[in-house]
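What follows is the content of run04.pdb, which has PDB, C-alpha atoms:
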```
ATOM      1  CA  MET M   1      20.999 -20.545  -2.329
ATOM      2  CA  SER M   2      19.160 -17.378  -3.149
ATOM      3  CA  SER M   3      19.777 -14.617  -5.594
ATOM      4  CA  GLY M   4      21.948 -11.641  -5.003
ATOM      5  CA  ILE M   5      22.637  -8.221  -6.395
ATOM      6  CA  ASN M   6      24.431  -7.847  -9.723
ATOM      7  CA  HIS M   7      25.297  -4.394 -11.093
ATOM      8  CA  GLN M   8      27.594  -3.202 -13.844
ATOM      9  CA  VAL M   9      28.900   0.297 -14.368
ATOM     10  CA  GLY M  10      31.392   1.737 -16.858
ATOM     11  CA  VAL M  11      33.854   4.337 -15.600
ATOM     12  CA  LYS M  12      36.314   6.573 -17.441
ATOM     13  CA  ALA M  13      39.227   5.675 -15.189
ATOM     14  CA  SER M  14      42.021   3.129 -15.199
ATOM     15  CA  SER M  15      41.550  -0.185 -13.430
ATOM     16  CA  GLN M  16      44.370   0.876 -11.102
ATOM     17  CA  GLU M  17      42.505   4.045 -10.056
ATOM     18  CA  ILE M  18      39.358   2.032  -9.401
ATOM     19  CA  TYR M  19      41.324  -0.581  -7.485
ATOM     20  CA  GLU M  20      42.684   2.174  -5.216
ATOM     21  CA  ALA M  21      39.154   3.497  -4.649
ATOM     22  CA  LEU M  22      38.195   0.009  -3.432
ATOM     23  CA  THR M  23      41.195  -0.676  -1.206
ATOM     24  CA  GLU M  24      42.268   2.658   0.331
ATOM     25  CA  THR M  25      40.287   3.698   3.393
ATOM     26  CA  GLU M  26      40.349   7.424   2.615
ATOM     27  CA  LYS M  27      39.091   6.781  -0.940
ATOM     28  CA  LEU M  28      36.317   4.424   0.185
ATOM     29  CA  ALA M  29      35.241   7.318   2.433
ATOM     30  CA  GLN M  30      34.761   9.472  -0.651
ATOM     31  CA  TRP M  31      32.114   7.308  -2.286
ATOM     32  CA  TRP M  32      30.478   4.887   0.206
ATOM     33  CA  THR M  33      30.447   6.340   3.691
ATOM     34  CA  THR M  34      32.458   9.273   5.004
ATOM     35  CA  ASP M  35      33.072   7.293   8.194
ATOM     36  CA  THR M  36      35.133   4.385   6.857
ATOM     37  CA  ARG M  37      37.620   2.840   9.279
ATOM     38  CA  GLY M  38      40.080  -0.044   9.326
ATOM     39  CA  SER M  39      42.043  -1.223   6.310
ATOM     40  CA  GLY M  40      41.225  -2.818   2.956
ATOM     41  CA  ALA M  41      44.802  -3.033   1.707
ATOM     42  CA  LYS M  42      45.649  -6.670   2.487
ATOM     43  CA  VAL M  43      43.824  -9.992   2.500
ATOM     44  CA  GLY M  44      42.706 -10.620   6.086
ATOM     45  CA  ASP M  45      42.305  -6.915   6.876
ATOM     46  CA  THR M  46      38.945  -5.679   8.128
ATOM     47  CA  LEU M  47      37.044  -2.629   6.929
ATOM     48  CA  GLU M  48      34.409  -0.896   9.043
ATOM     49  CA  PHE M  49      31.744   1.103   7.251
ATOM     50  CA  TRP M  50      29.866   3.317   9.682
ATOM     51  CA  PHE M  51      26.422   4.728   8.970
ATOM     52  CA  TYR M  52      25.743   6.965  11.931
ATOM     53  CA  SER M  53      25.689   4.457  14.838
ATOM     54  CA  HIS M  54      25.461   1.354  12.631
ATOM     55  CA  CYS M  55      28.689  -0.424  11.690
ATOM     56  CA  GLN M  56      28.971  -2.845   8.781
ATOM     57  CA  LYS M  57      32.192  -4.870   8.816
ATOM     58  CA  PHE M  58      33.826  -6.659   5.910
ATOM     59  CA  ASP M  59      36.889  -8.893   5.912
ATOM     60  CA  VAL M  60      39.047  -8.658   2.798
ATOM     61  CA  THR M  61      39.126 -12.144   1.257
ATOM     62  CA  GLU M  62      40.755 -11.616  -2.148
ATOM     63  CA  LEU M  63      42.797  -8.907  -3.844
ATOM     64  CA  LYS M  64      44.142  -8.931  -7.400
ATOM     65  CA  PRO M  65      45.527  -5.473  -8.178
ATOM     66  CA  GLY M  66      43.634  -3.845 -11.034
ATOM     67  CA  THR M  67      41.369  -6.880 -11.434
ATOM     68  CA  ARG M  68      39.431  -8.038  -8.397
ATOM     69  CA  VAL M  69      38.453  -7.109  -4.842
ATOM     70  CA  ALA M  70      36.405  -9.445  -2.633
ATOM     71  CA  TRP M  71      35.039  -8.930   0.858
ATOM     72  CA  LYS M  72      33.043 -11.124   3.191
ATOM     73  CA  SER M  73      30.757  -9.950   5.965
ATOM     74  CA  PRO M  74      31.634 -11.740   9.220
ATOM     75  CA  LYS M  75      29.069 -13.467  11.418
ATOM     76  CA  GLY M  76      27.237 -11.346  13.969
ATOM     77  CA  GLN M  77      28.392  -8.021  12.521
ATOM     78  CA  GLY M  78      26.283  -5.362  10.877
ATOM     79  CA  ASN M  79      23.079  -6.119   9.020
ATOM     80  CA  ASN M  80      21.608  -9.467   9.918
ATOM     81  CA  GLU M  81      20.671 -10.212   6.307
ATOM     82  CA  TRP M  82      24.245  -9.433   5.216
ATOM     83  CA  GLU M  83      25.781 -11.997   7.547
ATOM     84  CA  GLU M  84      28.274 -14.142   5.626
ATOM     85  CA  THR M  85      27.354 -12.523   2.325
ATOM     86  CA  GLU M  86      30.115 -11.676  -0.132
ATOM     87  CA  VAL M  87      30.795  -8.506  -2.099
ATOM     88  CA  THR M  88      32.988  -8.680  -5.220
ATOM     89  CA  PHE M  89      34.213  -6.078  -7.652
ATOM     90  CA  ASP M  90      35.605  -7.425 -10.956
ATOM     91  CA  LEU M  91      37.338  -4.932 -13.221
ATOM     92  CA  SER M  92      37.851  -5.148 -16.983
ATOM     93  CA  THR M  93      38.968  -2.451 -19.387
ATOM     94  CA  ASP M  94      38.158  -1.844 -23.037
ATOM     95  CA  GLU M  95      39.102   1.080 -25.293
ATOM     96  CA  LYS M  96      36.409   3.355 -23.828
ATOM     97  CA  GLN M  97      36.190   2.594 -20.110
ATOM     98  CA  THR M  98      36.760   0.250 -17.215
ATOM     99  CA  PHE M  99      33.780  -1.872 -16.294
ATOM    100  CA  ILE M 100      33.044  -2.682 -12.680
ATOM    101  CA  GLN M 101      31.053  -5.895 -12.322
ATOM    102  CA  PHE M 102      29.675  -5.644  -8.808
ATOM    103  CA  ARG M 103      28.079  -8.573  -7.043
ATOM    104  CA  HIS M 104      26.660  -8.950  -3.556
ATOM    105  CA  SER M 105      25.947 -12.678  -3.211
ATOM    106  CA  GLY M 106      24.981 -15.269  -0.643
ATOM    107  CA  TRP M 107      21.666 -13.747   0.445
ATOM    108  CA  ARG M 108      19.468 -16.359   2.048
ATOM    109  CA  GLU M 109      16.235 -14.791   0.820
ATOM    110  CA  ARG M 110      14.961 -12.329  -1.731
ATOM    111  CA  THR M 111      13.508  -9.727   0.628
ATOM    112  CA  ASP M 112      12.191  -6.184   0.316
ATOM    113  CA  PHE M 113      15.285  -5.093   2.254
ATOM    114  CA  GLN M 114      17.454  -6.664  -0.428
ATOM    115  CA  GLY M 115      15.618  -4.478  -2.953
ATOM    116  CA  HIS M 116      16.438  -1.440  -0.818
ATOM    117  CA  CYS M 117      20.122  -2.455  -0.667
ATOM    118  CA  SER M 118      20.169  -3.068  -4.417
ATOM    119  CA  MET M 119      19.002   0.505  -5.092
ATOM    120  CA  ARG M 120      21.480   1.907  -2.597
ATOM    121  CA  TRP M 121      24.399  -0.045  -4.101
ATOM    122  CA  ALA M 122      23.399   1.369  -7.510
ATOM    123  CA  VAL M 123      23.442   4.891  -6.058
ATOM    124  CA  PHE M 124      26.834   4.317  -4.395
ATOM    125  CA  LEU M 125      28.321   2.878  -7.605
ATOM    126  CA  LEU M 126      27.196   6.068  -9.372
ATOM    127  CA  SER M 127      28.869   7.964  -6.519
ATOM    128  CA  LEU M 128      32.103   6.023  -7.127
ATOM    129  CA  LYS M 129      31.819   6.835 -10.858
ATOM    130  CA  ASP M 130      31.341  10.546 -10.090
ATOM    131  CA  MET M 131      34.270  10.559  -7.660
ATOM    132  CA  LEU M 132      36.571   9.126 -10.323
ATOM    133  CA  GLU M 133      35.228  11.090 -13.300
ATOM    134  CA  LYS M 134      34.282  14.412 -11.719
ATOM    135  CA  GLY M 135      36.412  14.449  -8.565
ATOM    136  CA  LYS M 136      33.488  14.278  -6.165
ATOM    137  CA  GLY M 137      31.309  11.400  -5.017
ATOM    138  CA  ARG M 138      28.212  11.381  -2.818
ATOM    139  CA  PRO M 139      29.119   9.192   0.163
ATOM    140  CA  TYR M 140      26.741   8.726   3.085
ATOM    141  CA  PRO M 141      25.353  10.962   4.620
ATOM    142  CA  TYR M 142      25.336  12.966   1.363
ATOM    143  CA  ASP M 143      23.957  10.084  -0.726
ATOM    144  CA  LEU M 144      20.859  10.312  -2.859
ATOM    145  CA  GLU M 145      18.020   8.991  -0.698
ATOM    146  CA  VAL M 146      16.097   6.104  -2.206
ATOM    147  CA  HIS M 147      13.384   6.267   0.435
ATOM    148  CA  TYR M 148      12.197   8.549   3.239
ATOM    149  CA  ARG M 149      13.192   7.745   6.802
TER     150      ARG M 149
ATOM    151  CA  MET I   1      16.040 -20.927 -12.196
ATOM    152  CA  SER I   2      18.422 -18.056 -11.929
ATOM    153  CA  SER I   3      18.340 -14.860  -9.989
ATOM    154  CA  GLY I   4      16.757 -11.689 -11.116
ATOM    155  CA  ILE I   5      16.733  -8.006 -10.342
ATOM    156  CA  ASN I   6      15.085  -6.747  -7.158
ATOM    157  CA  HIS I   7      14.913  -3.015  -6.420
ATOM    158  CA  GLN I   8      12.905  -0.960  -3.942
ATOM    159  CA  VAL I   9      12.273   2.756  -4.043
ATOM    160  CA  GLY I  10      10.132   5.030  -1.865
ATOM    161  CA  VAL I  11       8.175   7.783  -3.591
ATOM    162  CA  LYS I  12       6.195  10.722  -2.191
ATOM    163  CA  ALA I  13       3.147   9.986  -4.309
ATOM    164  CA  SER I  14      -0.068   8.048  -3.909
ATOM    165  CA  SER I  15      -0.245   4.456  -5.080
ATOM    166  CA  GLN I  16      -2.860   5.617  -7.610
ATOM    167  CA  GLU I  17      -0.450   8.152  -9.150
ATOM    168  CA  ILE I  18       2.259   5.502  -9.393
ATOM    169  CA  TYR I  19      -0.193   3.024 -10.877
ATOM    170  CA  GLU I  20      -1.058   5.543 -13.590
ATOM    171  CA  ALA I  21       2.646   6.092 -14.315
ATOM    172  CA  LEU I  22       2.928   2.326 -14.910
ATOM    173  CA  THR I  23      -0.179   1.837 -17.037
ATOM    174  CA  GLU I  24      -0.646   5.002 -19.138
ATOM    175  CA  THR I  25       1.454   5.112 -22.294
ATOM    176  CA  GLU I  26       2.087   8.869 -22.187
ATOM    177  CA  LYS I  27       3.257   8.624 -18.545
ATOM    178  CA  LEU I  28       5.535   5.631 -19.192
ATOM    179  CA  ALA I  29       7.091   7.852 -21.891
ATOM    180  CA  GLN I  30       7.999  10.379 -19.200
ATOM    181  CA  TRP I  31      10.240   8.072 -17.193
ATOM    182  CA  TRP I  32      11.353   5.010 -19.206
ATOM    183  CA  THR I  33      11.599   5.827 -22.895
ATOM    184  CA  THR I  34      10.148   8.808 -24.719
ATOM    185  CA  ASP I  35       9.122   6.452 -27.542
ATOM    186  CA  THR I  36       6.593   4.244 -25.756
ATOM    187  CA  ARG I  37       3.803   2.802 -27.907
ATOM    188  CA  GLY I  38       0.858   0.459 -27.494
ATOM    189  CA  SER I  39      -1.238   0.185 -24.355
ATOM    190  CA  GLY I  40      -0.674  -0.938 -20.772
ATOM    191  CA  ALA I  41      -4.210  -0.274 -19.559
ATOM    192  CA  LYS I  42      -5.732  -3.767 -19.738
ATOM    193  CA  VAL I  43      -4.562  -7.325 -19.149
ATOM    194  CA  GLY I  44      -3.622  -8.744 -22.563
ATOM    195  CA  ASP I  45      -2.543  -5.371 -23.953
ATOM    196  CA  THR I  46       0.958  -5.007 -25.342
ATOM    197  CA  LEU I  47       3.417  -2.199 -24.654
ATOM    198  CA  GLU I  48       6.295  -1.365 -26.985
ATOM    199  CA  PHE I  49       9.296   0.387 -25.520
ATOM    200  CA  TRP I  50      11.516   1.774 -28.272
ATOM    201  CA  PHE I  51      15.174   2.626 -27.751
ATOM    202  CA  TYR I  52      16.217   4.157 -31.056
ATOM    203  CA  SER I  53      15.760   1.217 -33.467
ATOM    204  CA  HIS I  54      15.425  -1.435 -30.753
ATOM    205  CA  CYS I  55      11.944  -2.405 -29.571
ATOM    206  CA  GLN I  56      11.268  -4.204 -26.304
ATOM    207  CA  LYS I  57       7.736  -5.587 -26.055
ATOM    208  CA  PHE I  58       5.844  -6.516 -22.921
ATOM    209  CA  ASP I  59       2.423  -8.115 -22.587
ATOM    210  CA  VAL I  60       0.385  -6.968 -19.596
ATOM    211  CA  THR I  61      -0.309 -10.071 -17.475
ATOM    212  CA  GLU I  62      -1.754  -8.668 -14.245
ATOM    213  CA  LEU I  63      -3.248  -5.376 -13.070
ATOM    214  CA  LYS I  64      -4.499  -4.551  -9.585
ATOM    215  CA  PRO I  65      -5.220  -0.825  -9.422
ATOM    216  CA  GLY I  66      -3.001   0.885  -6.857
ATOM    217  CA  THR I  67      -1.330  -2.406  -5.908
ATOM    218  CA  ARG I  68       0.305  -4.385  -8.684
ATOM    219  CA  VAL I  69       1.385  -4.264 -12.313
ATOM    220  CA  ALA I  70       2.931  -7.286 -14.067
ATOM    221  CA  TRP I  71       4.307  -7.634 -17.574
ATOM    222  CA  LYS I  72       5.837 -10.526 -19.471
ATOM    223  CA  SER I  73       8.241 -10.287 -22.357
ATOM    224  CA  PRO I  74       7.008 -12.418 -25.273
ATOM    225  CA  LYS I  75       9.189 -14.925 -27.104
ATOM    226  CA  GLY I  76      11.341 -13.630 -29.939
ATOM    227  CA  GLN I  77      10.812  -9.962 -29.108
ATOM    228  CA  GLY I  78      13.404  -7.509 -27.917
ATOM    229  CA  ASN I  79      16.460  -8.502 -25.901
ATOM    230  CA  ASN I  80      17.263 -12.180 -26.199
ATOM    231  CA  GLU I  81      18.101 -12.449 -22.483
ATOM    232  CA  TRP I  82      14.743 -10.843 -21.613
ATOM    233  CA  GLU I  83      12.738 -13.458 -23.498
ATOM    234  CA  GLU I  84       9.928 -14.745 -21.275
ATOM    235  CA  THR I  85      11.174 -12.777 -18.280
ATOM    236  CA  GLU I  86       8.661 -11.040 -16.051
ATOM    237  CA  VAL I  87       8.604  -7.506 -14.669
ATOM    238  CA  THR I  88       6.474  -6.745 -11.602
ATOM    239  CA  PHE I  89       5.781  -3.575  -9.647
ATOM    240  CA  ASP I  90       4.223  -4.072  -6.197
ATOM    241  CA  LEU I  91       3.007  -0.953  -4.413
ATOM    242  CA  SER I  92       2.527  -0.433  -0.684
ATOM    243  CA  THR I  93       1.961   2.787   1.210
ATOM    244  CA  ASP I  94       2.937   3.859   4.731
ATOM    245  CA  GLU I  95       2.594   7.247   6.429
ATOM    246  CA  LYS I  96       5.620   8.695   4.641
ATOM    247  CA  GLN I  97       5.635   7.292   1.122
ATOM    248  CA  THR I  98       4.598   4.630  -1.354
ATOM    249  CA  PHE I  99       7.126   1.869  -1.857
ATOM    250  CA  ILE I 100       7.631   0.344  -5.265
ATOM    251  CA  GLN I 101       8.989  -3.184  -5.046
ATOM    252  CA  PHE I 102      10.337  -3.787  -8.511
ATOM    253  CA  ARG I 103      11.337  -7.233  -9.740
ATOM    254  CA  HIS I 104      12.598  -8.448 -13.082
ATOM    255  CA  SER I 105      12.616 -12.242 -12.780
ATOM    256  CA  GLY I 106      13.048 -15.369 -14.859
ATOM    257  CA  TRP I 107      16.563 -14.683 -16.127
ATOM    258  CA  ARG I 108      18.205 -17.916 -17.241
ATOM    259  CA  GLU I 109      21.691 -16.771 -16.244
ATOM    260  CA  ARG I 110      23.441 -14.177 -14.127
ATOM    261  CA  THR I 111      25.322 -12.348 -16.875
ATOM    262  CA  ASP I 112      27.278  -9.101 -17.139
ATOM    263  CA  PHE I 113      24.411  -7.804 -19.279
ATOM    264  CA  GLN I 114      22.029  -8.475 -16.395
ATOM    265  CA  GLY I 115      24.276  -6.251 -14.256
ATOM    266  CA  HIS I 116      23.995  -3.536 -16.890
ATOM    267  CA  CYS I 117      20.190  -3.867 -16.928
ATOM    268  CA  SER I 118      20.082  -3.804 -13.131
ATOM    269  CA  MET I 119      21.897  -0.447 -13.050
ATOM    270  CA  ARG I 120      19.677   0.932 -15.799
ATOM    271  CA  TRP I 121      16.487  -0.157 -14.032
ATOM    272  CA  ALA I 122      17.777   1.615 -10.894
ATOM    273  CA  VAL I 123      18.363   4.778 -12.917
ATOM    274  CA  PHE I 124      14.896   4.561 -14.507
ATOM    275  CA  LEU I 125      13.219   3.993 -11.134
ATOM    276  CA  LEU I 126      14.934   7.173  -9.918
ATOM    277  CA  SER I 127      13.606   8.836 -13.077
ATOM    278  CA  LEU I 128      10.078   7.644 -12.190
ATOM    279  CA  LYS I 129      10.567   9.019  -8.660
ATOM    280  CA  ASP I 130      11.715  12.386 -10.047
ATOM    281  CA  MET I 131       8.808  12.521 -12.478
ATOM    282  CA  LEU I 132       6.331  12.022  -9.639
ATOM    283  CA  GLU I 133       8.055  14.192  -7.019
ATOM    284  CA  LYS I 134       9.570  16.960  -9.136
ATOM    285  CA  GLY I 135       7.424  16.862 -12.270
ATOM    286  CA  LYS I 136      10.222  15.757 -14.574
ATOM    287  CA  GLY I 137      11.825  12.365 -15.180
ATOM    288  CA  ARG I 138      14.815  11.404 -17.288
ATOM    289  CA  PRO I 139      13.481   8.940 -19.863
ATOM    290  CA  TYR I 140      15.692   7.539 -22.630
ATOM    291  CA  PRO I 141      17.451   9.195 -24.499
ATOM    292  CA  TYR I 142      17.880  11.674 -21.628
ATOM    293  CA  ASP I 143      18.737   8.995 -19.062
ATOM    294  CA  LEU I 144      21.863   8.998 -16.952
ATOM    295  CA  GLU I 145      24.368   6.829 -18.820
ATOM    296  CA  VAL I 146      25.736   3.938 -16.796
ATOM    297  CA  HIS I 147      28.402   3.152 -19.385
ATOM    298  CA  TYR I 148      29.932   4.687 -22.517
ATOM    299  CA  ARG I 149      28.780   3.473 -25.923
TER     300      ARG I 149
END
```

Please re-express this file's structure in structure tokens.
Amino acid sequence: MSSGINHQVGVKASSQEIYEALTETEKLAQWWTTDTRGSGAKVGDTLEFWFYSHCQKFDVTELKPGTRVAWKSPKGQGNNEWEETEVTFDLSTDEKQTFIQFRHSGWRERTDFQGHCSMRWAVFLLSLKDMLEKGKGRPYPYDLEVHYR
Amino acid sequence: MSSGINHQVGVKASSQEIYEALTETEKLAQWWTTDTRGSGAKVGDTLEFWFYSHCQKFDVTELKPGTRVAWKSPKGQGNNEWEETEVTFDLSTDEKQTFIQFRHSGWRERTDFQGHCSMRWAVFLLSLKDMLEKGKGRPYPYDLEVHYR
């Protein structure tokens, strides 16, 4: 078992607002990729995140309103290195903010590509924060580039 | 052995320029913390990164000009969870950019605080990128806040 990605961000928003941004297709499209398809509303639903011609699928594996969202990448879909990896968002609120504890686990190896994904997840979590705090995120293809293509 | 932080960023700068930004005290002060003391120029030197009244020390353990910089956090200095952890910057250049492969390894546990540090390292690597590409970084205390204090 190899290491994964582990990020935490604090957002001035309720856990319910964040939960909606993680489960409603049109809200996911405002912070991760503008071309988000499928549904994230129920366990067993499948979300499709499109990046130009590349599609990354996730099956929804766990939902606890206001507390937790978990997805798993199916076999043979999307990035090879993401196959069967899991993404979780755990929410907790204190007097100042709601914390999102983000984890992308189950990577088989610690690769350079994982480092690229780690930076991009950080950028997209900041996009989610901006969407909720300022009304506007920076979803793909408007995301801050972390390298030159 | 637990997981660590693994980030990659591409910068339009030469590996020599990046190497200088990682080894010269006055350049480190332009992207990580404005109050950087000590020296990072030779193996065995010690750098002190001050965040208000908190000091994080690192001993320089490896230097390969234009290729690699490695630091180790000494025992009983700075963040408890950072004790004896290692930070490495590996540089590689292609026709478009120089990649920085950043790793912060040797964490004993995957904690929420590690997630906080992971986001902050991402923000500081973007600050380093901005310093080199645009002439101005966002070192502490001017860094983008990833949570509210």

> Residues of chain M within 10 Å of chain I, using all atoms listed in the file, as a PyMOL selection string?
Replying inline: chain M and resi 1-12+96-103+110-123+125-126+129+144-149

> If the PyMOL selection byres ((chain I and resi 56-68) around 10) is run on the structure shown, which residues does it catch, given as a ChimeraX atom specification?
Replying inline: /I:14-20,22-23,36-51,54-55,69-80,82-93,100-101

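Taking CA of Tyr142 in chain M as the reference point, CA of Trp32 in chain M is found at 9.6 Å.
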
Got a sec to align chain I on chain M by every in-order Cα pair and hand back the fitted coordinates as a CSV table (one decimal) with C-alpha atoms, in the coordinates of the input?
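Wrote it out as part.csv, contents follow:
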```
chain,number,residue,atom,x,y,z
I,1,MET,CA,21.0,-20.5,-2.4
I,2,SER,CA,19.2,-17.4,-3.2
I,3,SER,CA,19.8,-14.6,-5.6
I,4,GLY,CA,22.0,-11.7,-5.0
I,5,ILE,CA,22.6,-8.2,-6.4
I,6,ASN,CA,24.4,-7.8,-9.7
I,7,HIS,CA,25.3,-4.4,-11.1
I,8,GLN,CA,27.6,-3.2,-13.8
I,9,VAL,CA,28.9,0.3,-14.4
I,10,GLY,CA,31.4,1.7,-16.9
I,11,VAL,CA,33.9,4.3,-15.6
I,12,LYS,CA,36.3,6.6,-17.4
I,13,ALA,CA,39.2,5.7,-15.2
I,14,SER,CA,42.0,3.1,-15.2
I,15,SER,CA,41.5,-0.2,-13.4
I,16,GLN,CA,44.4,0.9,-11.1
I,17,GLU,CA,42.5,4.0,-10.0
I,18,ILE,CA,39.3,2.0,-9.4
I,19,TYR,CA,41.3,-0.6,-7.5
I,20,GLU,CA,42.7,2.2,-5.2
I,21,ALA,CA,39.2,3.5,-4.7
I,22,LEU,CA,38.2,0.0,-3.4
I,23,THR,CA,41.2,-0.7,-1.2
I,24,GLU,CA,42.3,2.7,0.3
I,25,THR,CA,40.3,3.7,3.4
I,26,GLU,CA,40.3,7.4,2.6
I,27,LYS,CA,39.1,6.8,-0.9
I,28,LEU,CA,36.3,4.4,0.2
I,29,ALA,CA,35.2,7.3,2.4
I,30,GLN,CA,34.8,9.5,-0.7
I,31,TRP,CA,32.1,7.3,-2.3
I,32,TRP,CA,30.5,4.9,0.2
I,33,THR,CA,30.4,6.4,3.7
I,34,THR,CA,32.5,9.3,5.0
I,35,ASP,CA,33.1,7.3,8.2
I,36,THR,CA,35.1,4.4,6.9
I,37,ARG,CA,37.6,2.8,9.3
I,38,GLY,CA,40.1,0.0,9.3
I,39,SER,CA,42.0,-1.2,6.3
I,40,GLY,CA,41.2,-2.8,3.0
I,41,ALA,CA,44.8,-3.0,1.7
I,42,LYS,CA,45.7,-6.7,2.5
I,43,VAL,CA,43.8,-10.0,2.5
I,44,GLY,CA,42.7,-10.6,6.1
I,45,ASP,CA,42.3,-6.9,6.9
I,46,THR,CA,38.9,-5.7,8.1
I,47,LEU,CA,37.0,-2.6,6.9
I,48,GLU,CA,34.4,-0.9,9.0
I,49,PHE,CA,31.7,1.1,7.2
I,50,TRP,CA,29.9,3.3,9.7
I,51,PHE,CA,26.4,4.7,9.0
I,52,TYR,CA,25.7,7.0,12.0
I,53,SER,CA,25.7,4.5,14.8
I,54,HIS,CA,25.5,1.4,12.6
I,55,CYS,CA,28.7,-0.4,11.7
I,56,GLN,CA,29.0,-2.8,8.8
I,57,LYS,CA,32.2,-4.9,8.8
I,58,PHE,CA,33.8,-6.7,5.9
I,59,ASP,CA,36.9,-8.9,5.9
I,60,VAL,CA,39.1,-8.7,2.8
I,61,THR,CA,39.1,-12.2,1.2
I,62,GLU,CA,40.8,-11.6,-2.1
I,63,LEU,CA,42.8,-8.9,-3.8
I,64,LYS,CA,44.1,-8.9,-7.4
I,65,PRO,CA,45.5,-5.5,-8.2
I,66,GLY,CA,43.6,-3.9,-11.0
I,67,THR,CA,41.4,-6.9,-11.4
I,68,ARG,CA,39.4,-8.0,-8.4
I,69,VAL,CA,38.5,-7.1,-4.9
I,70,ALA,CA,36.4,-9.4,-2.6
I,71,TRP,CA,35.0,-8.9,0.9
I,72,LYS,CA,33.0,-11.1,3.2
I,73,SER,CA,30.8,-10.0,6.0
I,74,PRO,CA,31.6,-11.8,9.2
I,75,LYS,CA,29.1,-13.5,11.4
I,76,GLY,CA,27.2,-11.3,14.0
I,77,GLN,CA,28.4,-8.0,12.5
I,78,GLY,CA,26.3,-5.4,10.9
I,79,ASN,CA,23.1,-6.1,9.0
I,80,ASN,CA,21.6,-9.5,9.9
I,81,GLU,CA,20.7,-10.2,6.3
I,82,TRP,CA,24.3,-9.4,5.2
I,83,GLU,CA,25.8,-12.0,7.6
I,84,GLU,CA,28.3,-14.1,5.6
I,85,THR,CA,27.4,-12.5,2.3
I,86,GLU,CA,30.1,-11.7,-0.1
I,87,VAL,CA,30.8,-8.5,-2.1
I,88,THR,CA,33.0,-8.7,-5.2
I,89,PHE,CA,34.2,-6.1,-7.7
I,90,ASP,CA,35.6,-7.4,-11.0
I,91,LEU,CA,37.3,-4.9,-13.2
I,92,SER,CA,37.8,-5.2,-17.0
I,93,THR,CA,39.0,-2.5,-19.4
I,94,ASP,CA,38.2,-1.8,-23.0
I,95,GLU,CA,39.1,1.1,-25.3
I,96,LYS,CA,36.4,3.3,-23.8
I,97,GLN,CA,36.2,2.6,-20.1
I,98,THR,CA,36.8,0.2,-17.2
I,99,PHE,CA,33.8,-1.9,-16.3
I,100,ILE,CA,33.0,-2.7,-12.7
I,101,GLN,CA,31.1,-5.9,-12.3
I,102,PHE,CA,29.7,-5.6,-8.8
I,103,ARG,CA,28.1,-8.6,-7.0
I,104,HIS,CA,26.7,-8.9,-3.6
I,105,SER,CA,25.9,-12.7,-3.2
I,106,GLY,CA,25.0,-15.3,-0.6
I,107,TRP,CA,21.7,-13.7,0.4
I,108,ARG,CA,19.5,-16.4,2.1
I,109,GLU,CA,16.3,-14.8,0.8
I,110,ARG,CA,15.0,-12.3,-1.7
I,111,THR,CA,13.5,-9.7,0.6
I,112,ASP,CA,12.2,-6.2,0.3
I,113,PHE,CA,15.3,-5.1,2.3
I,114,GLN,CA,17.5,-6.7,-0.4
I,115,GLY,CA,15.6,-4.5,-3.0
I,116,HIS,CA,16.4,-1.4,-0.8
I,117,CYS,CA,20.1,-2.5,-0.7
I,118,SER,CA,20.2,-3.1,-4.4
I,119,MET,CA,19.0,0.5,-5.1
I,120,ARG,CA,21.5,1.9,-2.6
I,121,TRP,CA,24.4,0.0,-4.1
I,122,ALA,CA,23.4,1.4,-7.5
I,123,VAL,CA,23.4,4.9,-6.1
I,124,PHE,CA,26.8,4.3,-4.4
I,125,LEU,CA,28.3,2.9,-7.6
I,126,LEU,CA,27.2,6.1,-9.4
I,127,SER,CA,28.9,8.0,-6.5
I,128,LEU,CA,32.1,6.0,-7.1
I,129,LYS,CA,31.8,6.8,-10.9
I,130,ASP,CA,31.3,10.5,-10.1
I,131,MET,CA,34.3,10.5,-7.7
I,132,LEU,CA,36.6,9.1,-10.3
I,133,GLU,CA,35.2,11.1,-13.3
I,134,LYS,CA,34.3,14.4,-11.7
I,135,GLY,CA,36.4,14.5,-8.6
I,136,LYS,CA,33.5,14.3,-6.2
I,137,GLY,CA,31.3,11.4,-5.0
I,138,ARG,CA,28.2,11.4,-2.8
I,139,PRO,CA,29.1,9.2,0.2
I,140,TYR,CA,26.7,8.7,3.1
I,141,PRO,CA,25.3,11.0,4.6
I,142,TYR,CA,25.3,13.0,1.4
I,143,ASP,CA,24.0,10.1,-0.7
I,144,LEU,CA,20.8,10.3,-2.9
I,145,GLU,CA,18.0,9.0,-0.7
I,146,VAL,CA,16.1,6.1,-2.2
I,147,HIS,CA,13.4,6.3,0.4
I,148,TYR,CA,12.2,8.6,3.2
I,149,ARG,CA,13.2,7.8,6.8
```

>> Once the PyMOL selection byres ((chain M and resi 131) around 12) has been evaluated on this model, what residues remain selected, and can you format them as an NGL selection string?
In response: :M and (11-13 or 17-18 or 21 or 27-32 or 124-130 or 132-139)

>> Report, in Å with one decimal, the straight-line distance from CA of Tyr140 in chain I to CA of Glu95 in chain M.
In response: 24.4 Å

>> Using Å and a single decimal, report how far CA of Trp107 in chain I sits from CA of Glu26 in chain I.
In response: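 These atoms are spaced 28.3 Å apart.
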
>> Calculated over all atoms listed in the file, which of the candidates I:Asp94, I:Pro141, I:Ser105, I:Thr33 has the smallest distance to Glu81 in chain I?
In response: I:Ser105
